[in-house]
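Student: The following file, coords-v8.txt, comprises compact mmCIF, C-alpha atoms:
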# COMPACT_ATOMS: atom_id res chain seq x y z
CA MET A 1 8.76 17.49 -18.27
CA SER A 2 7.66 19.26 -21.46
CA GLY A 3 11.13 19.06 -22.98
CA ALA A 4 11.43 15.41 -22.03
CA THR A 5 8.06 14.60 -23.55
CA THR A 6 9.04 16.30 -26.79
CA ALA A 7 12.25 14.32 -26.93
CA ALA A 8 10.40 11.10 -26.33
CA SER A 9 7.60 11.70 -28.80
CA SER A 10 9.56 12.80 -31.85
CA GLY A 11 9.90 10.32 -34.69
CA ASN A 12 9.24 6.60 -34.51
CA ASN A 13 9.87 4.17 -31.65
CA HIS A 14 13.57 3.84 -32.48
CA SER A 15 14.14 7.54 -31.62
CA LEU A 16 12.49 7.29 -28.23
CA HIS A 17 14.82 8.43 -25.48
CA LEU A 18 14.48 8.60 -21.69
CA PRO A 19 16.15 11.72 -20.25
CA THR A 20 17.85 10.92 -16.92
CA PRO A 21 19.59 14.12 -15.76
CA THR A 22 20.41 12.92 -12.24
CA LEU A 23 21.83 9.65 -13.52
CA ASP A 24 23.93 11.55 -16.08
CA ALA A 25 25.29 13.88 -13.39
CA GLU A 26 25.88 11.28 -10.67
CA SER A 27 26.90 8.23 -12.73
CA GLN A 28 30.70 8.59 -12.46
CA SER A 29 30.64 9.32 -8.72
CA LEU A 30 28.23 6.45 -8.06
CA LEU A 31 30.34 3.97 -10.03
CA GLN A 32 33.40 5.01 -8.01
CA SER A 33 31.50 4.35 -4.79
CA ILE A 34 30.32 0.95 -6.09
CA SER A 35 33.87 0.01 -7.10
CA ALA A 36 35.10 1.03 -3.63
CA GLN A 37 32.73 -1.61 -2.23
CA GLY A 38 34.17 -4.29 -4.52
CA GLY A 39 31.70 -3.84 -7.38
CA TYR A 40 34.29 -3.82 -10.18
CA ALA A 41 32.35 -6.28 -12.32
CA TYR A 42 29.21 -4.16 -11.94
CA ALA A 43 31.11 -1.04 -13.01
CA ARG A 44 32.41 -2.83 -16.13
CA MET A 45 28.90 -3.95 -17.09
CA ALA A 46 27.53 -0.46 -16.44
CA ALA A 47 30.15 1.06 -18.76
CA LEU A 48 29.24 -1.44 -21.50
CA ALA A 49 25.55 -0.60 -21.00
CA VAL A 50 26.26 3.09 -21.60
CA ALA A 51 28.02 2.09 -24.81
CA GLY A 52 24.84 0.37 -26.03
CA ASP A 53 25.14 -3.21 -24.75
CA ARG A 54 21.66 -4.24 -23.59
CA SER A 55 22.75 -7.58 -22.16
CA ALA A 56 25.38 -5.77 -20.05
CA ALA A 57 22.65 -3.54 -18.59
CA GLU A 58 20.67 -6.62 -17.61
CA ALA A 59 23.79 -8.27 -16.16
CA ALA A 60 24.48 -5.19 -14.03
CA ARG A 61 20.91 -5.28 -12.75
CA ASP A 62 21.31 -8.97 -11.83
CA MET A 63 24.54 -8.23 -9.95
CA ALA A 64 22.90 -5.44 -7.94
CA TRP A 65 19.90 -7.69 -7.25
CA GLU A 66 22.22 -10.31 -5.77
CA GLN A 67 23.74 -7.70 -3.47
CA LEU A 68 20.26 -6.65 -2.30
CA HIS A 69 19.64 -10.26 -1.25
CA SER A 70 23.05 -10.98 0.28
CA GLY A 71 21.72 -10.63 3.83
CA PRO A 72 19.06 -8.92 5.98
CA TRP A 73 17.61 -5.83 4.29
CA HIS A 74 18.90 -3.47 6.98
CA SER A 75 22.48 -4.66 6.34
CA VAL A 76 22.41 -3.85 2.59
CA LEU A 77 24.75 -0.95 1.82
CA PRO A 78 22.85 2.08 0.45
CA VAL A 79 25.23 2.28 -2.50
CA TRP A 80 23.96 -1.08 -3.77
CA ARG A 81 20.37 0.15 -3.63
CA ASP A 82 21.44 3.12 -5.77
CA ALA A 83 23.32 0.72 -8.04
CA TYR A 84 20.12 -1.25 -8.54
CA SER A 85 18.22 1.96 -9.41
CA MET A 86 20.92 2.86 -11.92
CA ALA A 87 20.74 -0.54 -13.59
CA CYS A 88 16.93 -0.41 -13.73
CA LEU A 89 17.09 2.98 -15.46
CA ARG A 90 19.61 1.63 -17.99
CA VAL A 91 17.43 -1.42 -18.74
CA ALA A 92 14.33 0.79 -19.02
CA LYS A 93 16.11 3.01 -21.55
CA PHE A 94 16.68 0.02 -23.85
CA HIS A 95 13.07 -1.17 -23.52
CA PHE A 96 11.71 2.33 -24.11
CA ALA A 97 13.82 2.88 -27.21
CA ALA A 98 12.41 -0.37 -28.61
CA GLY A 99 8.83 0.67 -27.86
CA GLU A 100 8.53 -2.00 -25.14
CA PHE A 101 6.63 0.22 -22.74
CA GLY A 102 5.31 -2.47 -20.40
CA GLU A 103 8.81 -3.89 -19.88
CA ALA A 104 10.20 -0.38 -19.36
CA LEU A 105 7.61 0.35 -16.67
CA GLY A 106 8.38 -2.98 -15.01
CA ALA A 107 12.08 -2.09 -14.76
CA LEU A 108 11.33 1.40 -13.44
CA ASP A 109 8.92 0.10 -10.82
CA MET A 110 11.49 -2.38 -9.55
CA GLY A 111 13.88 0.56 -9.18
CA LEU A 112 11.27 2.47 -7.18
CA ILE A 113 10.38 -0.52 -4.98
CA MET A 114 13.88 -1.90 -4.31
CA GLY A 115 16.27 0.93 -5.20
CA GLY A 116 17.75 3.82 -3.25
CA MET A 117 16.85 7.49 -3.08
CA LEU A 118 19.58 9.04 -5.25
CA LEU A 119 17.89 8.42 -8.61
CA ARG A 120 14.28 8.48 -7.43
CA LYS A 121 13.35 11.64 -9.36
CA ASP A 122 14.68 10.16 -12.61
CA LEU A 123 12.64 7.02 -11.94
CA HIS A 124 9.44 8.97 -11.24
CA ASP A 125 9.88 11.27 -14.25
CA SER A 126 10.62 8.29 -16.50
CA VAL A 127 7.48 6.51 -15.29
CA LEU A 128 5.37 9.53 -16.25
CA LEU A 129 6.95 9.71 -19.70
CA VAL A 130 6.72 5.98 -20.43
CA SER A 131 3.14 5.84 -19.14
CA SER A 132 2.20 8.68 -21.48
CA GLU A 133 3.69 6.90 -24.47
CA ALA A 134 2.05 3.62 -23.46
CA ARG A 135 -1.36 5.27 -23.39
CA LYS A 136 -0.79 6.72 -26.85
CA LYS A 137 0.18 3.31 -28.17
CA ALA A 138 -2.97 1.80 -26.73
CA LYS A 139 -5.00 4.71 -28.14
CA ASN A 140 -6.42 5.22 -24.67
CA SER A 141 -8.20 8.54 -24.55
CA LEU A 142 -9.04 8.28 -20.84
CA GLN A 143 -9.54 11.74 -19.35
CA ALA A 144 -8.89 12.79 -15.76
CA SER A 145 -12.49 13.66 -14.89
CA GLY A 146 -13.38 10.15 -13.78
CA GLU A 147 -17.12 10.79 -14.20
CA ASP A 148 -17.98 8.89 -17.36
CA PHE A 149 -16.25 5.55 -16.94
CA LYS A 150 -18.09 2.56 -18.34
CA GLY A 151 -17.71 -1.12 -17.72
CA GLU A 152 -17.38 -3.30 -14.66
CA LYS A 153 -17.48 -1.89 -11.15
CA LEU A 154 -15.38 -3.42 -8.40
CA VAL A 155 -18.17 -3.31 -5.82
CA PRO A 156 -21.90 -2.86 -6.54
CA GLU A 157 -23.86 -0.56 -4.27
CA VAL A 158 -25.60 -3.14 -2.10
CA PRO A 159 -26.44 -2.62 1.60
CA VAL A 160 -24.90 -4.94 4.18
CA ASP A 161 -27.07 -7.85 5.28
CA VAL A 162 -26.05 -7.96 8.95
CA ASN A 163 -27.46 -11.45 9.51
CA GLU A 164 -25.37 -12.85 6.65
CA VAL A 165 -22.28 -10.93 7.75
CA LEU A 166 -22.49 -12.28 11.29
CA LYS A 167 -22.04 -15.80 9.91
CA ILE A 168 -18.47 -15.00 8.85
CA LEU A 169 -17.41 -12.64 11.65
CA PRO A 170 -15.73 -13.61 14.93
CA LEU A 171 -18.02 -14.61 17.80
CA ARG A 172 -19.82 -11.79 19.64
CA SER A 173 -19.32 -9.37 16.74
CA LEU A 174 -21.61 -6.30 16.70
CA SER A 175 -22.88 -7.23 20.18
CA SER A 176 -20.47 -5.24 22.35
CA GLY A 177 -19.75 -1.51 22.28
CA ARG A 178 -20.08 0.08 18.85
CA VAL A 179 -17.63 2.72 17.67
CA GLU A 180 -19.40 6.07 17.67
CA LYS A 181 -20.14 7.60 14.26
CA ARG A 182 -19.91 11.39 13.87
CA SER A 183 -20.93 13.33 10.77
CA ASP A 184 -18.87 16.37 9.72
CA LEU A 185 -16.83 16.22 12.92
CA SER A 186 -15.09 19.54 13.62
CA MET A 187 -11.36 19.70 14.27
CA GLU A 188 -12.02 21.01 17.78
CA GLY A 189 -14.48 18.19 18.48
CA PHE A 190 -12.02 15.61 17.17
CA LEU A 191 -9.18 17.01 19.28
CA ARG A 192 -11.18 17.32 22.51
CA ASN A 193 -13.37 14.21 22.42
CA TYR A 194 -11.25 11.62 20.61
CA PHE A 195 -7.60 12.56 19.99
CA GLN A 196 -6.84 13.72 23.54
CA THR A 197 -8.86 10.96 25.18
CA GLY A 198 -7.50 8.23 22.91
CA THR A 199 -10.95 7.11 21.76
CA PRO A 200 -11.77 5.59 18.35
CA VAL A 201 -14.41 7.29 16.21
CA VAL A 202 -15.91 6.82 12.74
CA ILE A 203 -16.14 10.09 10.81
CA THR A 204 -18.76 10.27 8.06
CA ASN A 205 -19.43 12.78 5.24
CA CYS A 206 -15.76 13.71 4.98
CA MET A 207 -14.54 12.23 1.67
CA ALA A 208 -17.12 13.26 -0.94
CA HIS A 209 -14.61 15.66 -2.54
CA TRP A 210 -12.01 12.95 -3.17
CA PRO A 211 -11.75 12.03 -6.88
CA ALA A 212 -10.99 8.47 -5.70
CA ARG A 213 -14.58 8.12 -4.48
CA THR A 214 -15.85 8.09 -8.07
CA LYS A 215 -12.79 6.71 -9.88
CA TRP A 216 -11.50 3.75 -7.88
CA ASN A 217 -14.62 1.63 -8.18
CA HIS A 218 -14.03 1.33 -11.94
CA LEU A 219 -11.78 -1.41 -13.26
CA ASP A 220 -11.12 0.42 -16.52
CA TYR A 221 -9.79 3.49 -14.67
CA LEU A 222 -7.48 1.45 -12.42
CA ASN A 223 -6.22 -0.56 -15.39
CA ALA A 224 -5.63 2.61 -17.41
CA VAL A 225 -3.58 4.47 -14.79
CA ALA A 226 -1.86 1.52 -13.11
CA GLY A 227 -2.34 -1.66 -15.17
CA ASN A 228 1.29 -1.89 -16.37
CA ARG A 229 2.78 -1.00 -12.98
CA THR A 230 4.50 -3.61 -10.79
CA VAL A 231 3.38 -3.88 -7.16
CA PRO A 232 4.20 -6.17 -4.21
CA VAL A 233 1.27 -8.32 -3.03
CA GLU A 234 0.69 -10.81 -0.23
CA VAL A 235 -0.65 -14.27 -1.10
CA GLY A 236 -2.30 -16.46 1.51
CA LYS A 237 -4.67 -16.08 4.47
CA ASN A 238 -2.54 -13.59 6.43
CA TYR A 239 1.05 -12.83 7.45
CA LEU A 240 0.88 -15.11 10.51
CA CYS A 241 0.18 -18.25 8.43
CA SER A 242 2.97 -20.59 7.35
CA ASP A 243 1.89 -20.62 3.68
CA TRP A 244 1.87 -16.81 3.43
CA LYS A 245 4.22 -15.34 0.79
CA GLN A 246 4.91 -12.16 -1.15
CA GLU A 247 5.05 -11.70 -4.92
CA LEU A 248 5.68 -8.94 -7.44
CA VAL A 249 2.95 -8.70 -10.10
CA THR A 250 1.56 -6.12 -12.49
CA PHE A 251 -1.46 -4.23 -11.22
CA SER A 252 -3.58 -5.61 -14.07
CA LYS A 253 -2.69 -9.19 -13.07
CA PHE A 254 -3.54 -8.33 -9.47
CA LEU A 255 -6.96 -7.01 -10.53
CA GLU A 256 -7.59 -10.18 -12.54
CA ARG A 257 -6.69 -12.32 -9.54
CA MET A 258 -9.21 -10.43 -7.43
CA ARG A 259 -11.92 -10.97 -10.03
CA THR A 260 -11.09 -14.68 -10.06
CA ASN A 261 -11.16 -14.77 -6.27
CA ARG A 262 -14.62 -13.24 -6.36
CA SER A 263 -15.98 -16.07 -8.53
CA THR A 264 -14.26 -19.00 -6.79
CA SER A 265 -13.17 -19.74 -3.25
CA SER A 266 -10.41 -22.14 -4.32
CA VAL A 267 -7.98 -19.33 -5.22
CA GLU A 268 -5.64 -18.08 -2.49
CA PRO A 269 -6.47 -14.46 -1.61
CA THR A 270 -4.07 -11.87 -3.01
CA TYR A 271 -3.78 -8.65 -1.02
CA LEU A 272 -1.95 -5.39 -1.67
CA ALA A 273 -1.31 -4.55 1.98
CA GLN A 274 0.44 -1.63 3.67
CA HIS A 275 2.18 -0.60 0.46
CA PRO A 276 3.23 3.03 -0.25
CA LEU A 277 1.38 2.84 -3.56
CA PHE A 278 0.93 6.61 -3.77
CA ASP A 279 4.67 7.29 -3.67
CA GLN A 280 4.91 4.95 -6.65
CA ILE A 281 1.87 5.92 -8.76
CA ASN A 282 1.36 9.68 -8.78
CA GLU A 283 -1.95 9.51 -10.64
CA LEU A 284 -3.54 7.64 -7.72
CA ARG A 285 -1.96 10.03 -5.20
CA GLY A 286 -3.78 12.86 -6.92
CA ASP A 287 -7.12 11.12 -6.28
CA ILE A 288 -6.94 11.44 -2.47
CA CYS A 289 -6.45 14.18 0.11
CA ILE A 290 -4.70 14.07 3.48
CA PRO A 291 -7.46 14.55 6.09
CA ASP A 292 -7.10 17.72 8.18
CA TYR A 293 -7.44 15.52 11.27
CA CYS A 294 -3.94 14.19 10.57
CA PHE A 295 -2.46 17.57 11.53
CA VAL A 296 -4.05 17.59 14.98
CA GLY A 297 -1.36 17.39 17.66
CA GLY A 298 1.18 19.32 15.59
CA GLY A 299 2.98 16.19 14.44
CA GLU A 300 3.98 14.80 11.06
CA LEU A 301 2.53 12.33 8.60
CA GLN A 302 4.61 9.16 8.98
CA SER A 303 3.22 6.97 6.21
CA LEU A 304 0.48 6.81 3.61
CA ASN A 305 -0.41 3.26 2.56
CA ALA A 306 -2.85 1.37 0.35
CA TRP A 307 -4.88 -1.71 1.36
CA PHE A 308 -6.57 -3.32 -1.62
CA GLY A 309 -7.95 -6.83 -1.76
CA PRO A 310 -10.90 -9.19 -2.18
CA ALA A 311 -13.71 -10.01 0.23
CA GLY A 312 -12.55 -12.23 3.07
CA THR A 313 -9.11 -10.65 3.40
CA VAL A 314 -8.12 -10.52 7.08
CA THR A 315 -5.53 -8.49 8.93
CA PRO A 316 -5.03 -10.34 12.23
CA LEU A 317 -5.25 -8.67 15.64
CA HIS A 318 -2.31 -6.28 16.08
CA HIS A 319 -1.45 -2.73 17.11
CA ASP A 320 0.50 0.11 15.49
CA PRO A 321 2.69 2.81 17.06
CA HIS A 322 1.08 5.88 15.48
CA HIS A 323 -2.24 7.70 15.25
CA ASN A 324 -4.10 6.16 12.33
CA ILE A 325 -6.99 7.22 10.12
CA LEU A 326 -8.25 4.40 7.92
CA ALA A 327 -10.23 5.85 5.00
CA GLN A 328 -12.62 3.45 3.27
CA VAL A 329 -12.72 4.44 -0.41
CA VAL A 330 -14.34 1.36 -2.01
CA GLY A 331 -16.25 -1.46 -0.33
CA LYS A 332 -16.88 -2.27 3.34
CA LYS A 333 -14.83 -3.61 6.23
CA TYR A 334 -15.53 -5.01 9.69
CA ILE A 335 -13.12 -3.72 12.35
CA ARG A 336 -12.82 -4.81 15.98
CA LEU A 337 -10.79 -2.78 18.49
CA TYR A 338 -9.41 -3.47 21.97
CA PRO A 339 -7.77 -0.75 24.11
CA SER A 340 -4.00 -0.75 24.56
CA SER A 341 -4.44 -1.52 28.27
CA LEU A 342 -5.36 -5.13 27.38
CA GLN A 343 -1.82 -6.05 26.35
CA ASP A 344 -1.44 -9.13 28.58
CA GLU A 345 -4.96 -10.40 27.93
CA LEU A 346 -4.30 -10.52 24.18
CA TYR A 347 -1.13 -12.63 24.38
CA PRO A 348 1.31 -10.82 22.06
CA TYR A 349 4.05 -12.82 20.39
CA SER A 350 7.39 -12.77 22.18
CA GLU A 351 9.43 -12.53 18.95
CA THR A 352 10.64 -9.02 18.21
CA MET A 353 9.31 -9.00 14.64
CA LEU A 354 5.79 -9.98 15.78
CA CYS A 355 5.59 -8.34 19.21
CA ASN A 356 2.79 -6.02 17.99
CA SER A 357 0.67 -9.02 16.87
CA SER A 358 -1.61 -11.16 19.04
CA GLN A 359 -1.42 -14.93 19.15
CA VAL A 360 -5.21 -14.98 19.50
CA ASP A 361 -6.98 -15.95 16.27
CA LEU A 362 -10.33 -14.18 16.65
CA ASP A 363 -11.83 -16.36 13.92
CA ASN A 364 -11.09 -19.46 15.96
CA ILE A 365 -10.15 -18.66 19.57
CA ASP A 366 -8.44 -21.45 21.48
CA LYS A 367 -10.20 -20.99 24.83
CA ASN A 368 -7.80 -23.30 26.66
CA GLU A 369 -4.63 -21.61 25.46
CA PHE A 370 -5.93 -18.02 25.61
CA PRO A 371 -8.63 -17.97 28.33
CA LYS A 372 -8.22 -14.27 29.18
CA ALA A 373 -9.18 -13.24 25.63
CA VAL A 374 -12.56 -14.98 25.48
CA GLU A 375 -14.82 -12.55 27.32
CA LEU A 376 -12.93 -9.29 26.81
CA GLU A 377 -14.97 -6.18 26.05
CA PHE A 378 -14.25 -4.52 22.72
CA MET A 379 -15.55 -1.91 20.28
CA ASP A 380 -16.39 -2.69 16.66
CA CYS A 381 -18.02 -1.28 13.54
CA ILE A 382 -18.73 -1.83 9.88
CA LEU A 383 -16.78 0.84 8.01
CA GLU A 384 -18.78 1.91 4.96
CA GLU A 385 -17.61 3.59 1.76
CA GLY A 386 -16.81 7.25 2.35
CA GLU A 387 -16.15 6.81 6.08
CA MET A 388 -12.93 7.20 8.09
CA LEU A 389 -12.01 5.38 11.30
CA TYR A 390 -9.65 6.98 13.81
CA ILE A 391 -7.54 4.33 15.61
CA PRO A 392 -5.46 5.71 18.52
CA PRO A 393 -1.84 4.51 18.96
CA LYS A 394 -1.38 1.01 20.40
CA TRP A 395 -5.07 0.10 20.14
CA TRP A 396 -5.38 -3.52 19.04
CA HIS A 397 -7.42 -4.01 15.87
CA TYR A 398 -8.64 -6.85 13.67
CA VAL A 399 -9.85 -6.09 10.13
CA ARG A 400 -11.92 -8.20 7.71
CA SER A 401 -13.00 -7.10 4.23
CA LEU A 402 -16.72 -7.78 3.73
CA THR A 403 -16.53 -6.95 0.03
CA MET A 404 -13.72 -6.21 -2.37
CA SER A 405 -12.11 -3.27 -0.61
CA PHE A 406 -9.76 -0.36 -1.30
CA SER A 407 -8.66 1.59 1.78
CA VAL A 408 -6.01 4.20 2.59
CA SER A 409 -4.29 4.49 5.96
CA PHE A 410 -2.74 7.72 7.22
CA TRP A 411 -0.28 7.31 10.11
CA TRP A 412 0.87 10.39 11.94
CA SER A 413 2.71 11.24 15.15
CA ASN A 414 1.95 14.06 17.54
CA GLU A 415 4.48 16.81 18.28
CA THR A 416 6.16 15.03 21.20
CA GLU A 417 6.49 11.77 19.27
CA SER A 418 8.02 13.63 16.29
CA SER A 419 10.63 15.36 18.45
CA ASP A 420 11.52 12.09 20.18
CA SER A 421 12.07 10.21 16.88
Could you render the structure from this file as structure tokens?
Tutor:
Amino acid sequence: MSGATTAASSGNNHSLHLPTPTLDAESQSLLQSISAQGGYAYARMAALAVAGDRSAAEAARDMAWEQLHSGPWHSVLPVWRDAYSMACLRVAKFHFAAGEFGEALGALDMGLIMGGMLLRKDLHDSVLLVSSEARKKAKNSLQASGEDFKGEKLVPEVPVDVNEVLKILPLRSLSSGRVEKRSDLSMEGFLRNYFQTGTPVVITNCMAHWPARTKWNHLDYLNAVAGNRTVPVEVGKNYLCSDWKQELVTFSKFLERMRTNRSTSSVEPTYLAQHPLFDQINELRGDICIPDYCFVGGGELQSLNAWFGPAGTVTPLHHDPHHNILAQVVGKKYIRLYPSSLQDELYPYSETMLCNSSQVDLDNIDKNEFPKAVELEFMDCILEEGEMLYIPPKWWHYVRSLTMSFSVSFWWSNETESSDS
């Protein structure tokens, strides 16, 4: 990266250049593959873009975007995802050369979110370079220590008032079995008492060494490292509601929406949910550590996702296929869990896409339609900052943010599951 940075930083904005070695090496072969799939018009626009035609670069991106939305996502040919990445890199080059760093980052992020794997390294390296130049332009001298940030905190350090919390939680909350909390739980203890028995547990005193614990509660830090980045967010109560939708926004706009949501209840909640944010923004990935517990069972980490949203955000009752550790970095969450054996009693949807979700709305249970769900035993807890919750595979869980909340989920499979997949 040092050579690339030198190339980018020399002279004024008009000499700024984004090195894209993979694109340079693979461009001709990729264009041949695109043409073989009928993308002759795309190939013509791409050639004009290389010759310096900015509008042609944008036209090529639009053509690839149309192909990405020509049918179900799984039916999109991989070559068109790579074509979209190529076009995003070309557009970003023009923006970067003009000193339009925010626009360049927007194009690169769209390539990372929607594009293929072929040009991913060029996209990541370009993001680092453009981000560096953007910080220089803004004269942002933010250092990586994260210890001296000033300004507004996302969540003040205030203890939970259980009586107030109970007013907004589902009926019978905190009255059934509580999830056990264990401090400094050993790997052997986790394996023997929880992993092998399939029992949830809250692990405390296990995240103090994460830089995220001191950094992510500061708006100025999050804005500095991610403010110009584009992320997908969910808007609406939850994914089971008819008015639920998804949008692409900059991280700074997302943060502003959350602040607005905190001061008024009339704004629809905006939630960054189950997004591989750390594949996209390397600076945030460096603020967390994969818990050692995720290597129990000899399996593999399947996904690493961010969950970031305002108080009142709800993930409805559902289950997931993998072992899961939910790490609470900022804020507090209420979580209710039902064992996997209660499949029929929780009335899962019959549709394939929603078969891991329950039709039972815990916030307003229809006792006539779902009578079996009313008196079921469950486990629950309030997950505090710095705590991790282990959720075994197929355990049903409902999650509600009690404050503004930033969590990280680690899904992993055990050895047998990995070999089967």
Student: Write out as a tab-separated table a residue-level contact list of stretch 108-193 of chain A versus stretch 335-340 of chain A with cut-off 9 Å: for each qualifying residue the closest pair of atoms and the distance in Å to one decimal, counting all atoms listed in the file, rows sorted by chain and residue number upward.
Tutor:
residue	atom	partner	partner_atom	distance
A:Ser173	CA	A:Arg336	CA	8.0
A:Leu174	CA	A:Arg336	CA	8.9
A:Val179	CA	A:Leu337	CA	8.8
Student: How many Å lie between atom CA of A:Ala47 and atom CA of A:Asp82, rounded to one decimal?
Tutor: 15.8 Å
Student: In terms of the shortest atom-to-atom distance over all atoms listed in the file, which of A:Asp184, A:Lys332, A:Glu58, A:Leu89 is closest to A:Pro21?
Tutor: A:Leu89
Student: Need to verify the contact set: A:Lys153, 12 Å, only C-alpha atoms, exclusion of same-chain residues closer than 2 positions in sequence. Can you return it as an MDAnalysis selection string?
Tutor: chainID A and resid 149:151 155:157 214:222 255 259 330:331 404:405
Student: Atom CA of A:Ser341 and atom CA of A:Tyr293 are how many Å apart?
Tutor: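 Going from atom CA of A:Ser341 over to atom CA of A:Tyr293 covers 24.3 Å.
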Student: Counting all atoms listed in the file, what is within 10 Å of A:His95, bar same-chain residues fewer than 3 positions away, as a VMD selection string?
Tutor: chain A and resid 16 to 17 54 89 to 92 98 to 107
Student: For A:Trp307, please output as a list of chain:residue names all residues within 8 Å (counting all atoms listed in the file; exclusion window: fewer than 6 positions along the same chain).
Tutor: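 The neighbour list is A:Tyr271, A:Leu272, A:Ala273, A:Gln274, A:His275, A:Ser405, A:Phe406, A:Ser407, A:Val408, A:Ser409.
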Student: To one decimal in Å, tell me the separation between atom CA of A:Val374 and atom CA of A:His397.
Tutor: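 That distance, rounded to one decimal, is 15.5 Å.
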Student: Counting only C-alpha atoms, which residue out of A:Val235, A:Ile290, A:Ile203, A:Leu169 sits closest to A:Val249?
Tutor: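 Nearest candidate to A:Val249 out of A:Val235, A:Ile290, A:Ile203, A:Leu169: A:Val235.
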Student: Which residue out of A:Cys381, A:Gln280, A:Phe94, A:Val165 has the minimum interatomic distance to A:Gly111 when all atoms listed in the file are used?
Tutor: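 Nearest to A:Gly111: A:Gln280.
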